[in-house]
Amino acid sequence: MPPTPPVAAGTSLGPSSSQGWAVRAWSLQLIAYVCAFGSSIVVAVIALVNRRIPDLGDTVSTLYQWSQWLMWPIAAVTLFLAWRWLRLSASELGLHQPRPVRWGWVGAIAAAFAAQWIAKTLTGWLPGGTGTSAGEESVGVGQVVEWCLRMGVVEETLLLALPLAIMHRLRMPWWAQILVLTALRTPFHLYQGPAVIVECLIWMALLYYTYTRVKLIWPIIIAHIIADLSIAVFPLAPRLLTTVFLAVTGVVVLVMWWRAKTPSWNENSSV
């Protein structure tokens with residue numbers, strides 16, 4: 001994707017054009033969100049209310065699985081429209097031209113992994129934090145691996161890179177950006193219990209900090225995939241080794257970035 005900014009660098013959109021662009025941008029974000037995660041949100045809310053994953057039956061289960069697989073083309077089409085229709089460049093979408101940071105890719109992967117680990121650790125004691133298992137139905141390893149890959153790619157492109165590109169262009173304050181990211185990420189995780197709201201808030205705050213240092217979505221995607229694989233696929237020993245190494249390394253990296261006052265690519269962020 002060649003860069004295709006709608007205005008010259010350093011200039012601002014006028015009130016009318018800015019409002020029109022904002023309507024298009026949030027419409028694309030909302031439509032993509034509903035299409036990609038709508039069925040997951042319905043199941044998660046039902047599971048939250050009933051305290052168990054609903055029995056969908058063969059026909060509905062097949063339709064649900066197809067809705068999950070459709071996340072791949074939905075994400076691809078959405079990113080293409082973001083580039084072509086919203087004129088967001090590949091750099092704005094975090095696809096290339098990262099910012100140089102200490103520890104590079106390894107540090108960014110570890111920091112993103114630690115963001116979720118810290119959130120889960122800090123909220124594990126909250127009431128309602130156990131929720132319902134999402135994996136009660138027996139599935140093959142290949143299907144689980146595909147799920148890990150899909151959620152890593154689709155969640156981080158549609159629910160982190162795209163909304164942050166939109167909010168950066170609209171010059172929204174950092175705290176509003178974190179709240180929007182939390183609102184997008186929470187609903188389809190509600191099967192884990194109401195405590196997941198706090199977990200997602202902490203997770204998104206730390207992930208926001210990580211992503212705005214590196215301005216590259218790929219390490220965030222890799223960290224998400226590794227986290228899901230460690231939960232759903234890895235045996236106990238590799239899971240513990242992976243978690244300890246990435247969590248400890250990630251915490252060290254986050255502290256080092258903070259102490260060094262590593263700048264953010266988001267000019268509206270003071271975090």
# chains A, B, ... in the order shown; residues from 1 in each chain; ligands from 1

call {"tool": "closest_atom_pairs", "arguments": {"of": "range 191-238 of chain A", "to": "range 90-113 of chain A", "cutoff": "9 Å", "atoms": "only C-alpha atoms", "output": "JSON lines"}}
result
{"residue": "A:Leu206", "atom": "CA", "partner": "A:Ala112", "partner_atom": "CA", "distance": 7.8}
{"residue": "A:Leu207", "atom": "CA", "partner": "A:Ala112", "partner_atom": "CA", "distance": 5.9}
{"residue": "A:Thr210", "atom": "CA", "partner": "A:Ala112", "partner_atom": "CA", "distance": 6.4}
{"residue": "A:Tyr211", "atom": "CA", "partner": "A:Ala112", "partner_atom": "CA", "distance": 8.0}
{"residue": "A:Arg213", "atom": "CA", "partner": "A:Arg99", "partner_atom": "CA", "distance": 7.0}
{"residue": "A:Val214", "atom": "CA", "partner": "A:Arg99", "partner_atom": "CA", "distance": 5.0}
{"residue": "A:Lys215", "atom": "CA", "partner": "A:Pro98", "partner_atom": "CA", "distance": 5.1}
{"residue": "A:Leu216", "atom": "CA", "partner": "A:Gly94", "partner_atom": "CA", "distance": 4.3}
{"residue": "A:Ile217", "atom": "CA", "partner": "A:Gly94", "partner_atom": "CA", "distance": 5.0}
{"residue": "A:Trp218", "atom": "CA", "partner": "A:Leu95", "partner_atom": "CA", "distance": 7.2}
{"residue": "A:Pro219", "atom": "CA", "partner": "A:Ile109", "partner_atom": "CA", "distance": 4.8}
{"residue": "A:Ile220", "atom": "CA", "partner": "A:Ala112", "partner_atom": "CA", "distance": 5.7}
{"residue": "A:Ile221", "atom": "CA", "partner": "A:Ile109", "partner_atom": "CA", "distance": 8.3}
{"residue": "A:Ile222", "atom": "CA", "partner": "A:Ile109", "partner_atom": "CA", "distance": 6.6}
{"residue": "A:Ala223", "atom": "CA", "partner": "A:Ile109", "partner_atom": "CA", "distance": 5.0}
{"residue": "A:His224", "atom": "CA", "partner": "A:Phe113", "partner_atom": "CA", "distance": 6.7}
{"residue": "A:Ile226", "atom": "CA", "partner": "A:Phe113", "partner_atom": "CA", "distance": 8.0}
{"residue": "A:Ala227", "atom": "CA", "partner": "A:Phe113", "partner_atom": "CA", "distance": 6.6}

call {"tool": "write_last_selection", "arguments": {"atoms": "all heavy atoms", "output": "compact mmCIF listing (two decimals), in the first residue's frame"}}
result
# COMPACT_ATOMS: atom_id res chain seq x y z
N LEU A 206 -2.26 -0.55 28.64
CA LEU A 206 -0.87 -0.98 28.44
C LEU A 206 -0.58 -1.27 26.97
O LEU A 206 0.53 -0.98 26.48
CB LEU A 206 -0.59 -2.21 29.29
CG LEU A 206 -0.60 -1.99 30.80
CD1 LEU A 206 -0.51 -3.32 31.54
CD2 LEU A 206 0.53 -1.07 31.22
N LEU A 207 -1.57 -1.84 26.25
CA LEU A 207 -1.37 -2.12 24.84
C LEU A 207 -1.29 -0.82 24.04
O LEU A 207 -0.51 -0.71 23.09
CB LEU A 207 -2.50 -3.00 24.31
CG LEU A 207 -2.22 -3.76 23.01
CD1 LEU A 207 -1.06 -4.73 23.20
CD2 LEU A 207 -3.45 -4.52 22.54
N THR A 210 2.16 0.48 24.51
CA THR A 210 3.11 -0.31 23.72
C THR A 210 3.04 0.04 22.24
O THR A 210 4.07 0.34 21.60
CB THR A 210 2.85 -1.82 23.90
OG1 THR A 210 2.99 -2.17 25.28
CG2 THR A 210 3.82 -2.64 23.07
N TYR A 211 1.82 0.03 21.69
CA TYR A 211 1.66 0.26 20.26
C TYR A 211 2.08 1.67 19.86
O TYR A 211 2.68 1.87 18.80
CB TYR A 211 0.21 0.00 19.85
CG TYR A 211 -0.05 0.22 18.38
CD1 TYR A 211 0.51 -0.61 17.42
CD2 TYR A 211 -0.88 1.26 17.94
CE1 TYR A 211 0.28 -0.40 16.07
CE2 TYR A 211 -1.13 1.47 16.59
CZ TYR A 211 -0.54 0.64 15.67
OH TYR A 211 -0.78 0.85 14.32
N ARG A 213 4.35 3.38 21.09
CA ARG A 213 5.82 3.53 21.08
C ARG A 213 6.39 3.02 19.75
O ARG A 213 7.31 3.61 19.21
CB ARG A 213 6.49 2.72 22.19
CG ARG A 213 6.13 3.03 23.62
CD ARG A 213 6.08 4.47 23.99
NE ARG A 213 4.68 4.85 24.19
CZ ARG A 213 4.27 6.03 24.62
NH1 ARG A 213 5.14 6.97 24.89
NH2 ARG A 213 2.99 6.28 24.75
N VAL A 214 5.88 1.87 19.27
CA VAL A 214 6.52 1.21 18.13
C VAL A 214 5.86 1.53 16.79
O VAL A 214 6.48 1.40 15.74
CB VAL A 214 6.54 -0.32 18.33
CG1 VAL A 214 7.32 -0.67 19.58
CG2 VAL A 214 5.14 -0.90 18.41
N LYS A 215 4.57 1.88 16.81
CA LYS A 215 3.82 2.20 15.59
C LYS A 215 3.92 1.07 14.56
O LYS A 215 4.11 1.31 13.37
CB LYS A 215 4.29 3.52 14.98
CG LYS A 215 3.31 4.10 13.97
CD LYS A 215 3.89 5.31 13.25
CE LYS A 215 2.93 5.82 12.19
NZ LYS A 215 3.51 6.91 11.39
N LEU A 216 3.81 -0.15 15.04
CA LEU A 216 3.86 -1.31 14.15
C LEU A 216 2.97 -2.39 14.74
O LEU A 216 3.12 -2.76 15.90
CB LEU A 216 5.29 -1.83 14.00
CG LEU A 216 5.52 -2.88 12.91
CD1 LEU A 216 5.31 -2.28 11.52
CD2 LEU A 216 6.92 -3.48 13.02
N ILE A 217 2.05 -2.91 13.93
CA ILE A 217 1.05 -3.83 14.45
C ILE A 217 1.55 -5.27 14.49
O ILE A 217 1.04 -6.09 15.28
CB ILE A 217 -0.26 -3.73 13.62
CG1 ILE A 217 -1.45 -4.32 14.40
CG2 ILE A 217 -0.08 -4.42 12.27
CD1 ILE A 217 -1.76 -3.62 15.68
N TRP A 218 2.55 -5.62 13.69
CA TRP A 218 2.97 -7.01 13.59
C TRP A 218 3.46 -7.60 14.91
O TRP A 218 3.09 -8.74 15.25
CB TRP A 218 4.01 -7.18 12.48
CG TRP A 218 3.52 -6.70 11.15
CD1 TRP A 218 4.00 -5.62 10.44
CD2 TRP A 218 2.45 -7.23 10.36
NE1 TRP A 218 3.30 -5.46 9.27
CE2 TRP A 218 2.34 -6.43 9.20
CE3 TRP A 218 1.58 -8.29 10.54
CZ2 TRP A 218 1.39 -6.67 8.22
CZ3 TRP A 218 0.63 -8.54 9.56
CH2 TRP A 218 0.54 -7.73 8.42
N PRO A 219 4.31 -6.91 15.69
CA PRO A 219 4.71 -7.49 16.98
C PRO A 219 3.52 -7.69 17.93
O PRO A 219 3.51 -8.65 18.71
CB PRO A 219 5.69 -6.45 17.55
CG PRO A 219 6.16 -5.68 16.38
CD PRO A 219 5.01 -5.64 15.43
N ILE A 220 2.52 -6.82 17.84
CA ILE A 220 1.33 -6.95 18.69
C ILE A 220 0.55 -8.20 18.28
O ILE A 220 0.05 -8.94 19.12
CB ILE A 220 0.45 -5.70 18.57
CG1 ILE A 220 1.27 -4.41 18.68
CG2 ILE A 220 -0.66 -5.74 19.62
CD1 ILE A 220 1.98 -4.23 19.98
N ILE A 221 0.45 -8.41 16.97
CA ILE A 221 -0.24 -9.61 16.46
C ILE A 221 0.48 -10.87 16.93
O ILE A 221 -0.15 -11.83 17.40
CB ILE A 221 -0.32 -9.56 14.93
CG1 ILE A 221 -1.29 -8.46 14.47
CG2 ILE A 221 -0.75 -10.92 14.37
CD1 ILE A 221 -1.30 -8.25 12.96
N ILE A 222 1.80 -10.89 16.80
CA ILE A 222 2.57 -12.06 17.20
C ILE A 222 2.39 -12.34 18.69
O ILE A 222 2.21 -13.50 19.10
CB ILE A 222 4.06 -11.86 16.86
CG1 ILE A 222 4.24 -11.83 15.33
CG2 ILE A 222 4.92 -12.96 17.48
CD1 ILE A 222 5.64 -11.45 14.89
N ALA A 223 2.42 -11.30 19.52
CA ALA A 223 2.25 -11.48 20.96
C ALA A 223 0.88 -12.07 21.28
O ALA A 223 0.74 -12.95 22.13
CB ALA A 223 2.43 -10.15 21.68
N HIS A 224 -0.15 -11.59 20.58
CA HIS A 224 -1.52 -12.09 20.79
C HIS A 224 -1.60 -13.57 20.41
O HIS A 224 -2.19 -14.38 21.15
CB HIS A 224 -2.49 -11.26 19.96
CG HIS A 224 -3.92 -11.51 20.30
ND1 HIS A 224 -4.85 -10.49 20.39
CD2 HIS A 224 -4.62 -12.65 20.56
CE1 HIS A 224 -6.03 -10.99 20.70
NE2 HIS A 224 -5.91 -12.30 20.80
N ILE A 226 0.85 -15.78 20.29
CA ILE A 226 1.60 -16.58 21.26
C ILE A 226 0.81 -16.75 22.55
O ILE A 226 0.77 -17.85 23.14
CB ILE A 226 2.98 -15.93 21.55
CG1 ILE A 226 3.87 -15.98 20.31
CG2 ILE A 226 3.66 -16.63 22.73
CD1 ILE A 226 5.18 -15.23 20.46
N ALA A 227 0.15 -15.67 23.01
CA ALA A 227 -0.64 -15.75 24.23
C ALA A 227 -1.77 -16.76 24.09
O ALA A 227 -2.02 -17.58 24.99
CB ALA A 227 -1.19 -14.37 24.58

call {"tool": "atom_distance", "arguments": {"atom1": "CA of Ile53 in chain A", "atom2": "CA of Pro187 in chain A"}}
result
14.8 Å

call {"tool": "residues_around", "arguments": {"residues": "Leu56 in chain A", "least_positions_apart": "6", "cutoff": "12 Å", "atoms": "only C-alpha atoms", "output": "ChimeraX atom specification"}}
result
/A:39,42-43,46-47,62-65,137

call {"tool": "write_last_selection", "arguments": {"atoms": "N, CA and C atoms", "output": "PDB file, in the first residue's frame"}}
result
ATOM      1  N   SER A  39     -21.537 -12.114  16.017  1.00  0.00           N
ATOM      2  CA  SER A  39     -21.968 -13.424  16.512  1.00  0.00           C
ATOM      3  C   SER A  39     -21.244 -13.791  17.800  1.00  0.00           C
ATOM      4  N   VAL A  42     -22.907 -11.952  20.723  1.00  0.00           N
ATOM      5  CA  VAL A  42     -24.186 -12.564  21.118  1.00  0.00           C
ATOM      6  C   VAL A  42     -23.941 -13.779  22.001  1.00  0.00           C
ATOM      7  N   VAL A  43     -23.023 -14.654  21.571  1.00  0.00           N
ATOM      8  CA  VAL A  43     -22.727 -15.860  22.348  1.00  0.00           C
ATOM      9  C   VAL A  43     -22.119 -15.492  23.697  1.00  0.00           C
ATOM     10  N   ILE A  46     -24.864 -14.179  26.069  1.00  0.00           N
ATOM     11  CA  ILE A  46     -25.700 -15.297  26.531  1.00  0.00           C
ATOM     12  C   ILE A  46     -24.947 -16.118  27.572  1.00  0.00           C
ATOM     13  N   ALA A  47     -23.671 -16.367  27.332  1.00  0.00           N
ATOM     14  CA  ALA A  47     -22.863 -17.126  28.285  1.00  0.00           C
ATOM     15  C   ALA A  47     -22.727 -16.384  29.604  1.00  0.00           C
ATOM     16  N   THR A  62     -22.860 -24.526  12.865  1.00  0.00           N
ATOM     17  CA  THR A  62     -22.200 -24.433  11.564  1.00  0.00           C
ATOM     18  C   THR A  62     -22.194 -22.991  11.062  1.00  0.00           C
ATOM     19  N   LEU A  63     -23.336 -22.324  11.197  1.00  0.00           N
ATOM     20  CA  LEU A  63     -23.420 -20.917  10.789  1.00  0.00           C
ATOM     21  C   LEU A  63     -22.475 -20.043  11.626  1.00  0.00           C
ATOM     22  N   TYR A  64     -22.396 -20.344  12.913  1.00  0.00           N
ATOM     23  CA  TYR A  64     -21.498 -19.588  13.793  1.00  0.00           C
ATOM     24  C   TYR A  64     -20.044 -19.774  13.362  1.00  0.00           C
ATOM     25  N   GLN A  65     -19.676 -21.007  13.031  1.00  0.00           N
ATOM     26  CA  GLN A  65     -18.306 -21.262  12.607  1.00  0.00           C
ATOM     27  C   GLN A  65     -17.982 -20.535  11.313  1.00  0.00           C
ATOM     28  N   GLU A 137     -16.391 -27.380  24.040  1.00  0.00           N
ATOM     29  CA  GLU A 137     -16.571 -28.331  22.952  1.00  0.00           C
ATOM     30  C   GLU A 137     -15.217 -28.820  22.469  1.00  0.00           C
TER      31      GLU A 137
END

call {"tool": "select_by_dssp", "arguments": {"residues": "range 32-240 of chain A", "states": "alpha helix (DSSP H)", "output": "ChimeraX atom specification"}}
result
/A:32-50,57-69,71-84,104-123,141-156,162-169,174-185,196-214,218-232,236-240

call {"tool": "write_last_selection", "arguments": {"atoms": "C-alpha atoms", "output": "CSV table (one decimal), in the first residue's frame"}}
result
chain,number,residue,atom,x,y,z
A,32,ALA,CA,-16.6,-4.1,10.3
A,33,TYR,CA,-16.9,-4.6,14.1
A,34,VAL,CA,-20.5,-5.9,13.8
A,35,CYS,CA,-19.7,-8.2,10.9
A,36,ALA,CA,-16.6,-9.7,12.4
A,37,PHE,CA,-17.5,-9.9,16.0
A,38,GLY,CA,-21.4,-9.7,16.1
A,39,SER,CA,-22.0,-13.4,16.5
A,40,SER,CA,-19.2,-13.7,19.1
A,41,ILE,CA,-20.8,-10.9,21.1
A,42,VAL,CA,-24.2,-12.6,21.1
A,43,VAL,CA,-22.7,-15.9,22.3
A,44,ALA,CA,-20.6,-14.1,25.0
A,45,VAL,CA,-23.5,-12.2,26.4
A,46,ILE,CA,-25.7,-15.3,26.5
A,47,ALA,CA,-22.9,-17.1,28.3
A,48,LEU,CA,-22.5,-14.3,30.8
A,49,VAL,CA,-26.2,-14.3,31.6
A,50,ASN,CA,-26.6,-18.1,31.7
A,57,GLY,CA,-27.4,-27.0,17.8
A,58,ASP,CA,-25.8,-28.4,14.7
A,59,THR,CA,-27.2,-25.9,12.2
A,60,VAL,CA,-26.6,-22.8,14.2
A,61,SER,CA,-23.1,-24.0,15.2
A,62,THR,CA,-22.2,-24.4,11.6
A,63,LEU,CA,-23.4,-20.9,10.8
A,64,TYR,CA,-21.5,-19.6,13.8
A,65,GLN,CA,-18.3,-21.3,12.6
A,66,TRP,CA,-18.7,-19.8,9.2
A,67,SER,CA,-19.2,-16.3,10.7
A,68,GLN,CA,-15.9,-16.9,12.5
A,69,TRP,CA,-14.0,-17.9,9.3
A,71,MET,CA,-13.4,-12.7,9.9
A,72,TRP,CA,-10.4,-13.2,7.5
A,73,PRO,CA,-12.1,-11.6,4.4
A,74,ILE,CA,-13.9,-9.0,6.5
A,75,ALA,CA,-10.5,-7.8,8.0
A,76,ALA,CA,-8.9,-7.7,4.5
A,77,VAL,CA,-11.7,-5.8,2.9
A,78,THR,CA,-11.9,-3.4,5.8
A,79,LEU,CA,-8.2,-2.6,5.7
A,80,PHE,CA,-8.4,-2.1,1.9
A,81,LEU,CA,-11.3,0.3,2.4
A,82,ALA,CA,-9.5,2.2,5.1
A,83,TRP,CA,-6.6,2.7,2.7
A,84,ARG,CA,-8.7,3.4,-0.4
A,104,GLY,CA,13.2,-3.7,18.9
A,105,TRP,CA,10.8,-6.4,17.8
A,106,VAL,CA,11.6,-8.7,20.7
A,107,GLY,CA,10.9,-6.0,23.1
A,108,ALA,CA,7.6,-5.0,21.4
A,109,ILE,CA,6.4,-8.6,21.4
A,110,ALA,CA,7.3,-9.1,25.0
A,111,ALA,CA,5.7,-5.8,26.1
A,112,ALA,CA,2.4,-6.6,24.3
A,113,PHE,CA,2.4,-10.1,25.8
A,114,ALA,CA,3.1,-8.6,29.3
A,115,ALA,CA,0.2,-6.1,28.8
A,116,GLN,CA,-2.4,-8.9,28.8
A,117,TRP,CA,-0.6,-10.9,31.4
A,118,ILE,CA,-0.5,-7.9,33.8
A,119,ALA,CA,-4.2,-7.2,33.2
A,120,LYS,CA,-5.1,-10.9,33.9
A,121,THR,CA,-2.9,-11.0,37.0
A,122,LEU,CA,-4.2,-7.8,38.5
A,123,THR,CA,-7.9,-8.7,38.0
A,141,VAL,CA,-5.6,-28.9,17.2
A,142,GLY,CA,-5.7,-27.5,13.7
A,143,GLN,CA,-8.9,-25.7,14.3
A,144,VAL,CA,-7.6,-24.2,17.6
A,145,VAL,CA,-4.4,-23.0,15.9
A,146,GLU,CA,-6.4,-21.4,13.1
A,147,TRP,CA,-8.5,-19.7,15.8
A,148,CYS,CA,-5.3,-18.4,17.5
A,149,LEU,CA,-4.0,-17.0,14.3
A,150,ARG,CA,-7.3,-15.5,13.3
A,151,MET,CA,-7.9,-13.7,16.6
A,152,GLY,CA,-4.4,-12.4,16.7
A,153,VAL,CA,-4.6,-10.9,13.2
A,154,VAL,CA,-8.2,-9.8,13.2
A,155,GLU,CA,-8.4,-8.4,16.7
A,156,GLU,CA,-5.3,-6.3,16.5
A,162,LEU,CA,-7.6,0.8,12.6
A,163,PRO,CA,-9.4,2.7,15.5
A,164,LEU,CA,-6.1,4.2,16.6
A,165,ALA,CA,-5.4,5.4,13.1
A,166,ILE,CA,-8.9,7.0,13.0
A,167,MET,CA,-8.6,8.6,16.4
A,168,HIS,CA,-5.1,9.9,15.7
A,169,ARG,CA,-6.4,11.5,12.5
A,174,TRP,CA,-5.3,9.7,24.8
A,175,TRP,CA,-7.8,8.8,27.5
A,176,ALA,CA,-10.7,8.8,25.0
A,177,GLN,CA,-8.7,6.5,22.7
A,178,ILE,CA,-8.1,4.0,25.6
A,179,LEU,CA,-11.8,4.0,26.4
A,180,VAL,CA,-12.8,3.4,22.8
A,181,LEU,CA,-10.3,0.5,22.6
A,182,THR,CA,-11.8,-1.0,25.8
A,183,ALA,CA,-15.3,-0.6,24.5
A,184,LEU,CA,-14.4,-2.4,21.3
A,185,ARG,CA,-12.5,-5.3,23.0
A,196,VAL,CA,-13.2,-8.8,32.2
A,197,ILE,CA,-14.3,-5.2,31.9
A,198,VAL,CA,-11.6,-4.1,34.3
A,199,GLU,CA,-9.2,-6.5,32.7
A,200,CYS,CA,-9.8,-5.1,29.2
A,201,LEU,CA,-9.3,-1.5,30.5
A,202,ILE,CA,-5.9,-2.3,32.0
A,203,TRP,CA,-5.0,-4.4,29.0
A,204,MET,CA,-5.9,-1.7,26.5
A,205,ALA,CA,-4.1,1.0,28.5
A,206,LEU,CA,-0.9,-1.0,28.4
A,207,LEU,CA,-1.4,-2.1,24.8
A,208,TYR,CA,-2.0,1.5,23.8
A,209,TYR,CA,1.2,2.5,25.5
A,210,THR,CA,3.1,-0.3,23.7
A,211,TYR,CA,1.7,0.3,20.3
A,212,THR,CA,2.1,4.0,20.3
A,213,ARG,CA,5.8,3.5,21.1
A,214,VAL,CA,6.5,1.2,18.1
A,218,TRP,CA,3.0,-7.0,13.6
A,219,PRO,CA,4.7,-7.5,17.0
A,220,ILE,CA,1.3,-6.9,18.7
A,221,ILE,CA,-0.2,-9.6,16.5
A,222,ILE,CA,2.6,-12.1,17.2
A,223,ALA,CA,2.2,-11.5,21.0
A,224,HIS,CA,-1.5,-12.1,20.8
A,225,ILE,CA,-1.0,-15.3,18.8
A,226,ILE,CA,1.6,-16.6,21.3
A,227,ALA,CA,-0.6,-15.8,24.2
A,228,ASP,CA,-3.6,-17.7,22.7
A,229,LEU,CA,-1.4,-20.6,21.7
A,230,SER,CA,0.1,-20.8,25.2
A,231,ILE,CA,-3.4,-21.0,26.7
A,232,ALA,CA,-5.0,-23.3,24.2
A,236,LEU,CA,2.3,-27.2,30.6
A,237,ALA,CA,6.1,-26.9,30.5
A,238,PRO,CA,6.3,-24.8,27.3
A,239,ARG,CA,3.4,-22.7,28.5
A,240,LEU,CA,5.1,-21.8,31.7

call {"tool": "closest_residue", "arguments": {"among": "A:Gln192, A:Trp258, A:Val139, A:Met172", "to": "Val233 in chain A", "atoms": "only C-alpha atoms"}}
result
A:Val139

call {"tool": "atom_distance", "arguments": {"atom1": "CA of Leu126 in chain A", "atom2": "CA of Pro194 in chain A"}}
result
9.2 Å

call {"tool": "atom_distance", "arguments": {"atom1": "CA of Gly193 in chain A", "atom2": "CA of Leu254 in chain A"}}
result
27.9 Å

call {"tool": "closest_residue", "arguments": {"among": "A:Ala260, A:Leu88, A:Leu70, A:Leu30", "to": "Leu159 in chain A", "atoms": "only C-alpha atoms"}}
result
A:Leu30
